[in-house]
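Notes for the one structure printed next.
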Amino acid sequence: MGRIPEATVEQVLASTDIVELVGRSVKLRRAGANFVGLCPFHNEKSPSFNVSPSRNSYYCFGCGAGGTAIGYVMAHDGMSFVEAVKRLADAAGIRIEEEVWDENAEKEAKLRAALIRAHQRLAEWYHHLLMKDPVADVARQYLRGRGITAQVAKRWQLGFAPNGGDLMRRWASEQKISEELLIGAGVLARGDRGEVYPRFRQRLMFPICNDNGEVIAFSGRLLDADAKAAKYMNSPETPIFNKSRVFFGFHKAKRAVAKASQAIVCEGQIDLVMAFEAGFENVVAALGTAFTEHHAKLLKRHADEVVLCYDSDGAGFKAAQRAFQILAPTGLVVKVAALPAGDDPDTLIRREGAERFASLIEGAEEFIDYQIAHAAAQPKFNQMTERVRFAEQMAGNIRLLDNPVARSTAIQRVALRMGIPEEDIRKRIGKVGSSQVMKGTVEEAKSEASRLLKEQDRTELMLCQTALANPEVLEWLRQSGKVEWLDDLPGTELLGVLWRSECQPLDAASMTSFLSGLDPVLQQAMVGLQFQPAPPGGLEEAAQALKALELGRIQHQIRRVQTQLKAPGITAEQAGALQREMLTWRKEYLDRRAASLDTP
Ligand SMILES: [Zn+2]
């Protein structure tokens with residue numbers, strides 16, 4: 001299933017009457033501006049379930065369930081996001097782009113079958129060239145150099161794509177395969193002046209298969225090490241190939257992954273083939289560097305643990321960090337095998353043997369530990385400010401850990417190594433950055449949302465509610481230009497999100513579009529807040545609250561510096577710098593307090 005464009009989602013929400021929708025399953029009666037009824041999500045005798053037609057959302061004061069019409073259908077009918085949008089679109093008479101495919105389903109199925117046939121023949125042809133044809137001398141030499149035997153080449157149906165288009169043209173006409181089909185398959189490309197040329201030239205070809213072992217695409221590795229083109233090039237997306245959902249070699253490795261309940265992740269196809277042939281059959285490689293959520297879900301279906309085998313350079317670390325961010329939220333344990341500098345699984349196995357690689361996999365450490373070790377090796381690590389910044393990053397990563405036990409041991413380890421109190425790290429973890437999209441069930445989002453609301457600063461909540469109810473206040477906040485310092489004050493996420501947006505809370509369409517762009521946790525919390533009775537007061541009260549928050553932020557900075565001063569192993573020089581910082585904050589605190597007393 002494809003993605004539904006955001007504009008369509010907004011259109012669907014705008015065309016849905018939420019009172020009518022909810023009213024089909026819940027008996028609602030009017031109460032002021034809202035409608036109330038017995039909550040369908042928890043057992044209750046007196047109604048605490050509210051539906052607001054003007055805001056186009058619902059909220060239950062009993063259990064905290066809340067959201068848009070789409071969220072309601074998802075939670076009430078157990079549907080996925082896409083299913084829910086489709087159901088509402090149907091009811092509103094809105095056509096969803098995706099469904100255009102359905103009308104052409106038969107044509108589409110025929111095209112897919114033709115593409116798969118063409119790929120199978122192409123794989124055979126490339127393979128034949130590699131094994132037998134003089135044009136592939138250079139490729140055979142390359143394979144010998146990397147210790148890949150003819151047997152291995154045969155097992156993986158490796159191939160060779162020659163330079164120039166004549167050979168392929170001749171072959172295609174013998175096979176009665178049309179040029180159009182090969183263009184559709186992405187092995188031929190059309191240039192600016194309409195000329196047609198092969199996409200893969202002078203490359204070692206790796207067939208990419210689906211779960212049934214049918215070839216659906218190719219990955220071509222450059223043979224000429226000096227050439228400027230990309231080392232690996234993949235087929236473009238086609239009706240049968242979506243690279244964000246496929247692992248190279250997974251049809252072969254799947255069983256071993258499930259058996260070991262572990263997947264070893266390599267960076268390149270050759271690494272994967274060599275590791276597999278050396279007896280490590282539970283290997284996977286994404287096509288290109290990026291893991292996607294689809295990859296993560298696919299792995300989670302078969303394994304509990306992932307071992308990343310990336311280069312030990314800076315780029316490898318970044319790749320591992322990205323992989324962790326995608327994999328950890330699914331509950332997979334993410335480990336990193338520290339390969340010697342300059343090695344990949346292939347070179348290591350060839351030089352030092354399979355046992356050495358096995359012991360590295362065995363000794364792989366959890367990503368969090370690996371990250372601490374990586375940070376500790378940085379020259380600036382003994383500076384306290386660096387360490388605090390690092391703790392902030394770690395908190396973001398720990399938050400992604402799905403398992404509470406894993407979370408709490410990670411917190412202990414980070415606290416110990418950083419010399420930062422566990423409590424401080426826990427607080428940082430409580431923050432929900434808007435960049436960290438939480439994906440999960442409606443149930444999870446609900447409990448996360450109530451946790452988030454509990455951890456919010458009281459003054460902030462009051463100010464946020466005032467801003468939701470009073471456009472003048474929100475405008476004034478936005479004009480003040482102070483939003484950045486909210487980042488230094490934990491428990492102010494909701495206000496930050498609203499403040500930074502361009503949303504007009506009293507305009508239902510604007511609010512709907514704002515809410516649907518938030519991650520589910522923030523969405524529920526924001527809806528919950530909007531449904532609470534708004535605090536009385538306007539600009540003046542808001543200005544007081546903002547001042548209180550500013551003072552709170554300075555106090556927070558003072559506490560932070562105090563903690564840092566107590567950290568073990570701090571040098572006299574660092575202590576001096578921290579004390580100076582402390583003086584600055586104290587002075588600022590006193591100045592501001594004096595100012596706020598002068599102008600009550
Ligand atoms: Zn409820």
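Residues are referred to by chain and number: the chain letter is A, B, ... according to the order shown in the structure tokens, the number counts from 1 in that chain, and ligands are numbered separately from 1 in the order shown.
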
Need the shell around stretch 113-116 of chain A: protein/DNA/RNA residues with any atom at most 12 Å away, counting only C-alpha atoms. Skip same-chain ones fewer than 5 positions apart. Format as a count of residues only?
32

Collect all residues with atoms no farther than 6 Å from ligand 1, counting only C-alpha atoms and all ligand atoms, and output them as a list in words.
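Here is the list of contacting residues: Cys39, Phe41, His42, Cys60, Gly62, Cys63 and Ala65 of chain A.
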
I need the residues in stretch 44-201 of chain A that are helix (DSSP H, G or I) according to DSSP; give them as a compact mmCIF listing (two decimals) with N, CA and C atoms, in the first residue's frame.
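So part21.txt came out as:
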# COMPACT_ATOMS: atom_id res chain seq x y z
N ALA A 69 -10.75 12.39 13.78
CA ALA A 69 -11.68 11.36 13.27
C ALA A 69 -10.91 10.12 12.82
N ILE A 70 -9.74 10.32 12.23
CA ILE A 70 -8.95 9.17 11.78
C ILE A 70 -8.52 8.34 12.98
N GLY A 71 -8.05 9.04 14.01
CA GLY A 71 -7.64 8.34 15.24
C GLY A 71 -8.81 7.56 15.83
N TYR A 72 -10.01 8.13 15.74
CA TYR A 72 -11.18 7.45 16.30
C TYR A 72 -11.45 6.15 15.57
N VAL A 73 -11.43 6.19 14.24
CA VAL A 73 -11.69 4.98 13.46
C VAL A 73 -10.59 3.94 13.74
N MET A 74 -9.33 4.40 13.83
CA MET A 74 -8.24 3.47 14.12
C MET A 74 -8.45 2.77 15.46
N ALA A 75 -8.76 3.58 16.49
CA ALA A 75 -8.89 3.02 17.83
C ALA A 75 -10.17 2.20 17.97
N HIS A 76 -11.26 2.71 17.38
CA HIS A 76 -12.55 2.06 17.59
C HIS A 76 -12.71 0.80 16.75
N ASP A 77 -12.22 0.85 15.51
CA ASP A 77 -12.42 -0.29 14.61
C ASP A 77 -11.14 -1.08 14.37
N PHE A 81 -3.80 3.23 9.86
CA PHE A 81 -3.99 4.61 9.43
C PHE A 81 -4.57 4.66 8.01
N VAL A 82 -3.93 3.92 7.10
CA VAL A 82 -4.37 3.96 5.70
C VAL A 82 -5.80 3.45 5.56
N GLU A 83 -6.11 2.36 6.25
CA GLU A 83 -7.47 1.81 6.18
C GLU A 83 -8.49 2.84 6.69
N ALA A 84 -8.12 3.50 7.80
CA ALA A 84 -9.04 4.47 8.39
C ALA A 84 -9.28 5.63 7.44
N VAL A 85 -8.22 6.13 6.84
CA VAL A 85 -8.37 7.25 5.90
C VAL A 85 -9.25 6.82 4.73
N LYS A 86 -9.03 5.60 4.24
CA LYS A 86 -9.82 5.13 3.10
C LYS A 86 -11.30 5.03 3.44
N ARG A 87 -11.57 4.50 4.63
CA ARG A 87 -12.96 4.35 5.06
C ARG A 87 -13.65 5.71 5.11
N LEU A 88 -12.97 6.70 5.71
CA LEU A 88 -13.56 8.03 5.82
C LEU A 88 -13.67 8.70 4.45
N ALA A 89 -12.67 8.46 3.60
CA ALA A 89 -12.69 9.05 2.26
C ALA A 89 -13.88 8.50 1.48
N ASP A 90 -14.11 7.20 1.60
CA ASP A 90 -15.26 6.57 0.94
C ASP A 90 -16.55 7.24 1.36
N ALA A 91 -16.68 7.40 2.69
CA ALA A 91 -17.91 7.98 3.21
C ALA A 91 -18.09 9.41 2.73
N ALA A 92 -16.99 10.13 2.55
CA ALA A 92 -17.08 11.53 2.15
C ALA A 92 -17.06 11.69 0.63
N GLU A 97 -5.89 8.76 -4.46
CA GLU A 97 -5.03 8.48 -5.61
C GLU A 97 -4.63 7.02 -5.74
N GLU A 98 -4.27 6.44 -4.61
CA GLU A 98 -3.84 5.05 -4.61
C GLU A 98 -4.80 4.13 -5.34
N GLU A 99 -6.08 4.46 -5.21
CA GLU A 99 -7.08 3.51 -5.71
C GLU A 99 -7.15 3.47 -7.22
N VAL A 100 -6.48 4.44 -7.87
CA VAL A 100 -6.42 4.40 -9.32
C VAL A 100 -5.83 3.07 -9.77
N TRP A 101 -4.87 2.57 -8.96
CA TRP A 101 -4.26 1.29 -9.31
C TRP A 101 -5.28 0.16 -9.35
N ASP A 102 -6.22 0.21 -8.42
CA ASP A 102 -7.19 -0.88 -8.35
C ASP A 102 -7.96 -1.05 -9.65
N GLU A 103 -8.28 0.09 -10.27
CA GLU A 103 -9.04 0.01 -11.53
C GLU A 103 -8.22 -0.68 -12.61
N ALA A 105 -6.03 -2.99 -12.03
CA ALA A 105 -5.37 -4.09 -11.34
C ALA A 105 -4.91 -5.19 -12.29
N GLU A 106 -5.76 -5.49 -13.26
CA GLU A 106 -5.44 -6.60 -14.14
C GLU A 106 -4.22 -6.28 -15.00
N LYS A 107 -4.25 -5.06 -15.54
CA LYS A 107 -3.15 -4.60 -16.38
C LYS A 107 -1.85 -4.62 -15.57
N GLU A 108 -1.99 -4.15 -14.35
CA GLU A 108 -0.85 -4.08 -13.43
C GLU A 108 -0.27 -5.48 -13.17
N ALA A 109 -1.16 -6.44 -12.92
CA ALA A 109 -0.70 -7.80 -12.64
C ALA A 109 0.06 -8.37 -13.83
N LYS A 110 -0.44 -8.08 -15.03
CA LYS A 110 0.23 -8.56 -16.24
C LYS A 110 1.62 -7.96 -16.37
N LEU A 111 1.70 -6.65 -16.11
CA LEU A 111 2.99 -5.97 -16.20
C LEU A 111 3.98 -6.57 -15.21
N ARG A 112 3.49 -6.82 -13.99
CA ARG A 112 4.38 -7.39 -12.96
C ARG A 112 4.91 -8.75 -13.40
N ALA A 113 4.03 -9.57 -13.96
CA ALA A 113 4.45 -10.90 -14.40
C ALA A 113 5.50 -10.78 -15.51
N ALA A 114 5.25 -9.84 -16.45
CA ALA A 114 6.20 -9.66 -17.55
C ALA A 114 7.55 -9.17 -17.02
N LEU A 115 7.51 -8.27 -16.04
CA LEU A 115 8.75 -7.75 -15.47
C LEU A 115 9.55 -8.85 -14.77
N ILE A 116 8.84 -9.69 -14.03
CA ILE A 116 9.53 -10.76 -13.32
C ILE A 116 10.18 -11.73 -14.31
N ARG A 117 9.43 -12.06 -15.40
CA ARG A 117 10.00 -12.94 -16.43
C ARG A 117 11.26 -12.31 -17.03
N ALA A 118 11.16 -11.02 -17.36
CA ALA A 118 12.30 -10.34 -17.98
C ALA A 118 13.51 -10.33 -17.05
N HIS A 119 13.27 -10.11 -15.75
CA HIS A 119 14.37 -10.10 -14.79
C HIS A 119 15.04 -11.48 -14.69
N GLN A 120 14.21 -12.52 -14.72
CA GLN A 120 14.76 -13.86 -14.63
C GLN A 120 15.68 -14.15 -15.81
N ARG A 121 15.20 -13.80 -17.02
CA ARG A 121 16.01 -14.02 -18.23
C ARG A 121 17.28 -13.18 -18.21
N LEU A 122 17.13 -11.92 -17.76
CA LEU A 122 18.29 -11.03 -17.69
C LEU A 122 19.34 -11.60 -16.74
N ALA A 123 18.89 -12.11 -15.60
CA ALA A 123 19.81 -12.67 -14.62
C ALA A 123 20.58 -13.83 -15.24
N GLU A 124 19.84 -14.66 -16.01
CA GLU A 124 20.49 -15.81 -16.67
C GLU A 124 21.53 -15.32 -17.68
N TRP A 125 21.14 -14.26 -18.40
CA TRP A 125 22.04 -13.76 -19.45
C TRP A 125 23.31 -13.14 -18.84
N TYR A 126 23.12 -12.27 -17.85
CA TYR A 126 24.27 -11.67 -17.18
C TYR A 126 25.18 -12.77 -16.62
N HIS A 127 24.57 -13.79 -16.05
CA HIS A 127 25.33 -14.88 -15.44
C HIS A 127 26.12 -15.64 -16.51
N HIS A 128 25.45 -15.90 -17.62
CA HIS A 128 26.11 -16.60 -18.72
C HIS A 128 27.34 -15.81 -19.18
N LEU A 129 27.18 -14.48 -19.34
CA LEU A 129 28.31 -13.64 -19.77
C LEU A 129 29.46 -13.77 -18.78
N LEU A 130 29.12 -13.69 -17.50
CA LEU A 130 30.17 -13.72 -16.47
C LEU A 130 30.94 -15.05 -16.52
N MET A 131 30.22 -16.15 -16.70
CA MET A 131 30.87 -17.45 -16.60
C MET A 131 31.61 -17.81 -17.89
N LYS A 132 31.08 -17.36 -19.05
CA LYS A 132 31.60 -17.91 -20.31
C LYS A 132 32.18 -16.88 -21.28
N PRO A 134 34.08 -13.84 -23.30
CA PRO A 134 35.35 -13.09 -23.21
C PRO A 134 35.15 -11.65 -22.73
N VAL A 135 33.96 -11.02 -22.99
CA VAL A 135 33.79 -9.63 -22.52
C VAL A 135 33.90 -9.51 -21.01
N ALA A 136 33.71 -10.64 -20.31
CA ALA A 136 33.68 -10.57 -18.84
C ALA A 136 35.03 -10.93 -18.21
N ASP A 137 36.11 -10.98 -19.01
CA ASP A 137 37.43 -11.29 -18.47
C ASP A 137 37.75 -10.45 -17.23
N VAL A 138 37.48 -9.14 -17.36
CA VAL A 138 37.81 -8.22 -16.29
C VAL A 138 37.05 -8.57 -14.99
N ALA A 139 35.81 -9.01 -15.15
CA ALA A 139 35.00 -9.35 -13.98
C ALA A 139 35.50 -10.63 -13.33
N ARG A 140 35.87 -11.62 -14.17
CA ARG A 140 36.38 -12.89 -13.61
C ARG A 140 37.68 -12.66 -12.85
N GLN A 141 38.49 -11.75 -13.42
CA GLN A 141 39.75 -11.41 -12.75
C GLN A 141 39.47 -10.80 -11.38
N TYR A 142 38.48 -9.90 -11.36
CA TYR A 142 38.09 -9.23 -10.12
C TYR A 142 37.65 -10.27 -9.08
N LEU A 143 36.81 -11.22 -9.51
CA LEU A 143 36.32 -12.23 -8.58
C LEU A 143 37.46 -13.07 -8.02
N ARG A 144 38.38 -13.45 -8.89
CA ARG A 144 39.54 -14.21 -8.41
C ARG A 144 40.28 -13.42 -7.35
N GLY A 145 40.47 -12.11 -7.63
CA GLY A 145 41.19 -11.24 -6.70
C GLY A 145 40.49 -11.19 -5.34
N ALA A 150 34.03 -19.88 -8.72
CA ALA A 150 32.98 -20.07 -9.73
C ALA A 150 31.74 -20.67 -9.08
N GLN A 151 31.99 -21.55 -8.10
CA GLN A 151 30.87 -22.18 -7.40
C GLN A 151 29.99 -21.15 -6.68
N VAL A 152 30.68 -20.23 -6.00
CA VAL A 152 29.95 -19.18 -5.29
C VAL A 152 29.21 -18.30 -6.28
N ALA A 153 29.87 -17.93 -7.37
CA ALA A 153 29.25 -17.09 -8.40
C ALA A 153 27.98 -17.77 -8.92
N LYS A 154 28.04 -19.10 -9.03
CA LYS A 154 26.90 -19.85 -9.54
C LYS A 154 25.76 -19.86 -8.52
N ARG A 155 26.13 -20.12 -7.25
CA ARG A 155 25.09 -20.18 -6.21
C ARG A 155 24.33 -18.87 -6.09
N ASP A 166 24.90 -2.77 -27.65
CA ASP A 166 24.66 -3.68 -28.77
C ASP A 166 24.37 -5.11 -28.33
N LEU A 167 25.19 -5.59 -27.38
CA LEU A 167 25.01 -6.98 -26.94
C LEU A 167 23.61 -7.19 -26.38
N MET A 168 23.16 -6.24 -25.56
CA MET A 168 21.85 -6.39 -24.95
C MET A 168 20.74 -6.31 -25.99
N ARG A 169 20.91 -5.40 -26.95
CA ARG A 169 19.90 -5.25 -27.99
C ARG A 169 19.73 -6.57 -28.77
N ARG A 170 20.88 -7.16 -29.13
CA ARG A 170 20.83 -8.41 -29.89
C ARG A 170 20.13 -9.49 -29.06
N TRP A 171 20.54 -9.57 -27.80
CA TRP A 171 19.97 -10.60 -26.91
C TRP A 171 18.45 -10.40 -26.77
N ALA A 172 18.06 -9.14 -26.55
CA ALA A 172 16.63 -8.86 -26.34
C ALA A 172 15.82 -9.24 -27.56
N SER A 173 16.35 -8.97 -28.76
CA SER A 173 15.54 -9.28 -29.95
C SER A 173 15.45 -10.79 -30.14
N GLU A 174 16.52 -11.53 -29.80
CA GLU A 174 16.43 -13.00 -29.83
C GLU A 174 15.36 -13.49 -28.87
N GLN A 175 15.33 -12.87 -27.69
CA GLN A 175 14.40 -13.31 -26.65
C GLN A 175 12.99 -12.77 -26.85
N GLU A 179 12.03 -3.33 -25.99
CA GLU A 179 12.85 -2.28 -25.39
C GLU A 179 12.06 -1.58 -24.29
N GLU A 180 10.76 -1.36 -24.54
CA GLU A 180 9.92 -0.69 -23.55
C GLU A 180 9.93 -1.43 -22.21
N LEU A 181 9.83 -2.77 -22.29
CA LEU A 181 9.81 -3.56 -21.06
C LEU A 181 11.13 -3.43 -20.30
N LEU A 182 12.24 -3.41 -21.06
CA LEU A 182 13.55 -3.29 -20.40
C LEU A 182 13.73 -1.89 -19.80
N ILE A 183 13.12 -0.90 -20.46
CA ILE A 183 13.14 0.45 -19.87
C ILE A 183 12.31 0.44 -18.59
N GLY A 184 11.16 -0.21 -18.66
CA GLY A 184 10.29 -0.32 -17.47
C GLY A 184 10.98 -1.06 -16.34
N ALA A 185 11.85 -2.01 -16.71
CA ALA A 185 12.57 -2.78 -15.69
C ALA A 185 13.74 -1.99 -15.14

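Among the candidates A:Ala328, A:Leu551, A:Ala286, A:Val483, the one nearest to A:Arg592 when counting only C-alpha atoms is A:Leu551.
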
What separation in Å, quoted to one decimal, exists between atom CA of A:Ala256 and atom CA of A:Met274?
15.4 Å

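Counting only C-alpha atoms and comparing A:Pro533, A:Gly491, A:Gly147, A:Gly496, the residue that lies closest to A:Lys427 is A:Gly491.
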
Excluding stretch 305-309 of chain A and its own-chain neighbours fewer than 6 positions away, which residues fall within 10 Å of it when counting only C-alpha atoms? Please give them as a PyMOL selection string.
chain A and resi 257+260-267+271+283-285+296+299+316+319-320+323-324+327-328+331-339+343-345+360-362+364-367

For stretch 383-400 of chain A: contacts at 6 Å, only C-alpha atoms, fewer than 5 positions along chain excluded, given as a CSV table (one decimal) with all heavy atoms, in the first residue's frame:
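Done, and the output landed in result_24.csv:
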chain,number,residue,atom,x,y,z
A,328,ALA,N,15.7,0.2,17.0
A,328,ALA,CA,15.4,0.0,18.4
A,328,ALA,C,14.0,0.1,18.8
A,328,ALA,O,13.5,-0.6,19.6
A,328,ALA,CB,16.3,1.0,19.2
A,329,PRO,N,13.2,1.1,18.2
A,329,PRO,CA,11.8,1.2,18.6
A,329,PRO,C,11.0,0.0,18.3
A,329,PRO,O,9.9,-0.2,18.9
A,329,PRO,CB,11.3,2.4,17.7
A,329,PRO,CG,12.5,3.2,17.4
A,329,PRO,CD,13.6,2.1,17.2
A,407,ARG,N,16.0,-0.1,29.1
A,407,ARG,CA,16.0,1.4,29.3
A,407,ARG,C,16.7,1.7,30.6
A,407,ARG,O,17.6,2.5,30.7
A,407,ARG,CB,14.6,1.9,29.4
A,407,ARG,CG,14.2,2.6,28.2
A,407,ARG,CD,13.0,3.5,28.6
A,407,ARG,NE,12.1,3.6,27.4
A,407,ARG,CZ,11.1,4.5,27.3
A,407,ARG,NH1,10.9,5.3,28.3
A,407,ARG,NH2,10.4,4.6,26.2
A,428,ARG,N,15.8,14.0,31.1
A,428,ARG,CA,16.0,14.3,29.7
A,428,ARG,C,15.3,13.4,28.8
A,428,ARG,O,14.8,13.7,27.7
A,428,ARG,CB,17.5,14.2,29.4
A,428,ARG,CG,18.3,15.4,29.9
A,428,ARG,CD,19.8,15.1,29.8
A,428,ARG,NE,20.5,16.0,30.7
A,428,ARG,CZ,20.8,17.3,30.5
A,428,ARG,NH1,20.4,17.8,29.4
A,428,ARG,NH2,21.4,18.0,31.4
A,429,ILE,N,15.2,12.1,29.3
A,429,ILE,CA,14.5,11.1,28.5
A,429,ILE,C,13.0,11.5,28.4
A,429,ILE,O,12.3,11.2,27.4
A,429,ILE,CB,14.7,9.7,29.1
A,429,ILE,CG1,16.1,9.3,28.9
A,429,ILE,CG2,13.8,8.7,28.4
A,429,ILE,CD1,16.5,8.1,29.6

Among A:Met418, A:Leu188, A:Leu515, A:Leu498, A:Ala567 is approached most closely, using only C-alpha atoms, by A:Met418

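Coordinates place atom CA of A:Phe49 at a distance of 5.4 Å from atom CA of A:Val36.
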
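Using only C-alpha atoms for every distance, the candidate list A:Asp424, A:Asp224, A:Glu448, A:Asp311 yields A:Asp311 as the residue closest to A:Leu348.
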
Name the residues of stretch 224-317 of chain A that come out as strand (DSSP E) in a backbone DSSP run; write them as a ChimeraX atom specification.
/A:232-234,247-248,262-266,283-286,305-308

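Between atom CA of A:Leu28 and atom CA of A:Ala508 the interatomic distance comes to 20.4 Å.
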
Using only C-alpha atoms, which of the listed residues (A:Ala509, A:Leu494, A:Met233, A:Ala275) sits closest to A:Ala358?
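Closest residue, counting only C-alpha atoms: A:Ala275.
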
Neighbours of A:Thr409 within 12 Å (only C-alpha atoms; same-chain residues fewer than 6 positions away dropped), as a list in words?
Glu366, Ile368, Asp369, Ile398, Leu401, Asn403, Ala415, Leu416, Glu422 and Arg426 of chain A

Using N, CA, C and O atoms, can you export the residues from the last selection as a PDB file, in the first residue's frame?
ATOM      1  N   GLU A 366      26.276  -3.807  23.095  1.00  0.00           N
ATOM      2  CA  GLU A 366      25.039  -3.101  22.800  1.00  0.00           C
ATOM      3  C   GLU A 366      25.351  -1.695  22.322  1.00  0.00           C
ATOM      4  O   GLU A 366      26.334  -1.083  22.738  1.00  0.00           O
ATOM      5  N   ILE A 368      24.294   1.223  22.899  1.00  0.00           N
ATOM      6  CA  ILE A 368      24.485   2.291  23.888  1.00  0.00           C
ATOM      7  C   ILE A 368      25.917   2.272  24.440  1.00  0.00           C
ATOM      8  O   ILE A 368      26.558   3.307  24.555  1.00  0.00           O
ATOM      9  N   ASP A 369      26.430   1.063  24.741  1.00  0.00           N
ATOM     10  CA  ASP A 369      27.798   0.962  25.250  1.00  0.00           C
ATOM     11  C   ASP A 369      28.795   1.384  24.190  1.00  0.00           C
ATOM     12  O   ASP A 369      29.791   2.050  24.461  1.00  0.00           O
ATOM     13  N   ILE A 398      18.205   6.380  24.364  1.00  0.00           N
ATOM     14  CA  ILE A 398      17.640   5.478  25.375  1.00  0.00           C
ATOM     15  C   ILE A 398      16.113   5.481  25.280  1.00  0.00           C
ATOM     16  O   ILE A 398      15.459   4.471  25.431  1.00  0.00           O
ATOM     17  N   LEU A 401      14.595   2.850  23.228  1.00  0.00           N
ATOM     18  CA  LEU A 401      14.588   1.449  23.652  1.00  0.00           C
ATOM     19  C   LEU A 401      13.174   1.071  24.059  1.00  0.00           C
ATOM     20  O   LEU A 401      12.539   1.755  24.848  1.00  0.00           O
ATOM     21  N   ASN A 403      12.158  -1.774  25.530  1.00  0.00           N
ATOM     22  CA  ASN A 403      12.030  -2.586  26.720  1.00  0.00           C
ATOM     23  C   ASN A 403      12.404  -1.780  27.973  1.00  0.00           C
ATOM     24  O   ASN A 403      13.478  -1.208  28.052  1.00  0.00           O
ATOM     25  N   ALA A 415      24.870   7.004  33.233  1.00  0.00           N
ATOM     26  CA  ALA A 415      25.093   7.847  34.409  1.00  0.00           C
ATOM     27  C   ALA A 415      26.482   7.591  34.990  1.00  0.00           C
ATOM     28  O   ALA A 415      27.235   8.519  35.292  1.00  0.00           O
ATOM     29  N   LEU A 416      26.823   6.303  35.093  1.00  0.00           N
ATOM     30  CA  LEU A 416      28.099   5.921  35.668  1.00  0.00           C
ATOM     31  C   LEU A 416      29.264   6.454  34.834  1.00  0.00           C
ATOM     32  O   LEU A 416      30.210   7.046  35.354  1.00  0.00           O
ATOM     33  N   GLU A 422      21.604   9.815  37.586  1.00  0.00           N
ATOM     34  CA  GLU A 422      20.591   9.067  36.832  1.00  0.00           C
ATOM     35  C   GLU A 422      19.316   9.885  36.646  1.00  0.00           C
ATOM     36  O   GLU A 422      18.684   9.860  35.605  1.00  0.00           O
ATOM     37  N   ARG A 426      17.102  10.616  33.370  1.00  0.00           N
ATOM     38  CA  ARG A 426      15.681  10.266  33.293  1.00  0.00           C
ATOM     39  C   ARG A 426      14.845  11.464  32.864  1.00  0.00           C
ATOM     40  O   ARG A 426      13.929  11.355  32.052  1.00  0.00           O
TER      41      ARG A 426
END

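For the choices A:Ala577, A:Val19, A:Ala548, A:Leu495, the atom-to-atom distance to A:Ala33 is smallest for A:Val19 when using only C-alpha atoms.
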